[in-house]
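*Asks:* One structure, as C-alpha cells, below. Some questions next.
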Amino acid sequence: MTILAIETSCDDTCCALLQADKHGFKILSNIISSQIKIHAPYGGVVPFLAAREHTKNLLPCLRAVLTAKTSRRVFENIKPQDIDLISVTIGPGLAPCLLVGLTAAKALAYAWQKPLIGLNHLEGHLCANFVRNFQFSIFNFKKVFPAIGLIVSGGHTILVLVKGIGQYQVLGQTRDDAAGEAFDKIARILGLGYPGGPAIAVCAAKLPTKNYQLKTNLPRPMMHTKNYDFSFSGLKTAVLYDFKKRSSRLQKSPAYIQAMAAEVQQAICDVLIIKTIRAAKEFNVKTVMLAGGVAANQRLRQLLERGLKFIPQVKLILPEPQFCTDNALMIGLAAYFKARTQDLKFNPGILNGLEIQPNLGLV
Ligand code: KG4
Ligand code: ZN
C-alpha cells in the first residue's frame with residue numbers, strides 16, 4: 001500500500017510518501033518546506049501569511065515527493081495509479097492553513113478517485129515515535145501500551161494515557177501557553193529569535209558550568225499541584241519582570257542571556273518531567289512516549305531518561321529529533337494505522353463531508 005500524506009496545520013508545508021504492508025513501512029520521500037524566514041520578523045506564526053505560503057509551496061512539494069527529487073532517491077516517478085490512500089491533517093491547527101492542505105487533498109482524491117482520510121495532528125506526533133532509521137520499527141505493541149504520552153509542541157502541552165493507537169485518555173493539559181509557545185515568547189523577550197525552543201537550547205548550552213554567578217530563580221508553575229495540568233504564561237511574565245529590572249548593559253550581556261536561557265529550559269523541563277513521571281507511576285504504564293516539536297530538546301530528553309531510571313519497569317520511547325517537529329510522515333503513519341482497521345474506498349460522499357477541525361482534541 002502506498003500512502004501520500006499532506007500536513008499544513010501550522011507553518012511547515014509537508015508532504016510524504018510511504019510504502020506499507022502488514023509488517024511495517026518504509027519512507028519513499030519526506031519533504032518539508034519551512035516558513036521560518038517569513039515568520040521570524042514577527043516572533044511567531046502569522047496565520048494569513050502561513051496559509052499564503054502553503055498555497056505557494058504545496059504543489060512544488062507534492063511534485064517533489066512524487067518524483068523523489070530528494071536526497072533519498074529510492075524510487076523513480078510515482079504515478080497516481082500507484083497511490084492507494086491519500087491522508088491529510090484536518091486538525092488541530094490554524095484554520096486557514098488546514099484549509100489549504102484539505103482542499104488540495106480533496107482535489108487529488110477526486111481527480112485520482114482515491115480514498116481520503118483526515119488525521120489528527122497530535123496523534124501524528126505520537127506516531128512519530130515508531131519511526132526508526134527511515135522505517136517503521138516492528139514495535140511489539142504489547143510491550144508499548146499502556147503508555148503515558150507527553151505531547152509538547154508550539155500549540156499544545158498534553159499529558160495523555162495511551163491505551164493503544166486511537167485510544168486516548170487526556171490526563172491534563174496547559175491552561176494557557178503551550179511549552180513551545182513559552183519557549184518562543186521568552187526567546188523574543190531575550191532577543192534570541194524564532195523559533196525560540198532551539199534558540200534557547202543553543203544559548204543555554206553556551207553557559208559556562210563554572211562562573212555561574214548570576215542567580216535567576218524562575219518559578220516552576222503548577223509543579224506540585226495534584227492534577228496533570230500545566231501553566232507556562234507565569235514563567236514568561238517572570239522572565240519579563242526579571243529582564244526589565246536589569247540594566248541595559250546586563251540585558252545585552254551573554255552571561256545574563258545564557259543564564260536566563262538555561263534557567264528557562266530547566267524550569268520547563270522540571271515541570272514536564274515531574275508530572276510525566278508521576279503519571280507513569282500512577283497509571284502503572286509500560287512506556288513513556290515523548291512527542292511534538294519540544295521533544296527535540298536534548299535537555300528534556302536527557303532529564304526524562306534520567307528520571308525514569310528510578311522506575312526501571314517503565315521504558316522510554318523517544319522520536320528521532322528530525323521527526324519531532326511537524327512533518328507529513330507522521331500523518332502518513334497515523335493513516336497507516338487507521339487503514340489497518342478500516343476498509344477504505346473512494347467515496348465522493350465521504351470526501352465531500354470531510355471538514356477541517358481547527359480545535360480538534362486528542363480523541
Ligand atoms: O510540533 P511543532 O513543530 O509545531 C506545532 O505543532 O506547534 O512544534 C514547534 C515548537 C516551537 O514552539 C519550537 O520552539 C519548539 O517546538 N521546538 C523546541 C525545539 N525544537 C522545536 N523547543 C525546545 N527545544 C528544541 N530543540
Ligand atoms: Zn506539531
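If you're wondering about the labels, chains in the C-alpha cells are A, B, ... by order shown, residues count from 1 in each chain, ligands from 1 in order shown.
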List all protein, DNA and RNA residues that have an atom no more than 12 Å from any atom of ligand 2, counting only C-alpha atoms and all ligand atoms, and report them as number ranges by chain.

*Replies:* A: 7-14, 89, 91-94, 120-128, 151-157, 178, 180-181, 291-296, 323-331

*Asks:* So, counting only C-alpha atoms, which residue among A:Arg63, A:Ser247, A:Pro41, A:Ser34 is closest to A:Arg188?

*Replies:*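 The answer is A:Pro41, which sits nearest to A:Arg188.
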
*Asks:* Which residue out of A:Leu272, A:Ala16, A:Ala339, A:Leu300 has the minimum interatomic distance to ligand 1 when only C-alpha atoms and all ligand atoms are used?

*Replies:*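 Result for the nearest residue to ligand 1: A:Leu300.
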
*Asks:* I'd like to know which residues of stretch 79-290 of chain A are strand (DSSP E) (by DSSP, run on the backbone); could you write them as a PyMOL selection string?

*Replies:* chain A and resi 85-91+116-120+131-132+135-136+147-152+157-164+167-173+287-290

*Asks:* Which of these, A:Met1, A:Leu354, A:Val100, A:Ala201, has the shortest distance to ligand 1 once you count only C-alpha atoms and all ligand atoms?

*Replies:* A:Ala201

*Asks:* Do a neighbour search on stretch 302-304 of chain A at 8 Å with only C-alpha atoms, toss out local chain neighbours closer than 3 positions, and write the hits as a count of residues only.

*Replies:* 6

*Asks:* Looking only at the backbone, which of the residues in stretch 68-198 of chain A does DSSP tag as alpha helix (DSSP H), as a VMD selection string?

*Replies:* chain A and resid 95 to 112 121 to 127 141 to 144 179 to 189 196 to 198
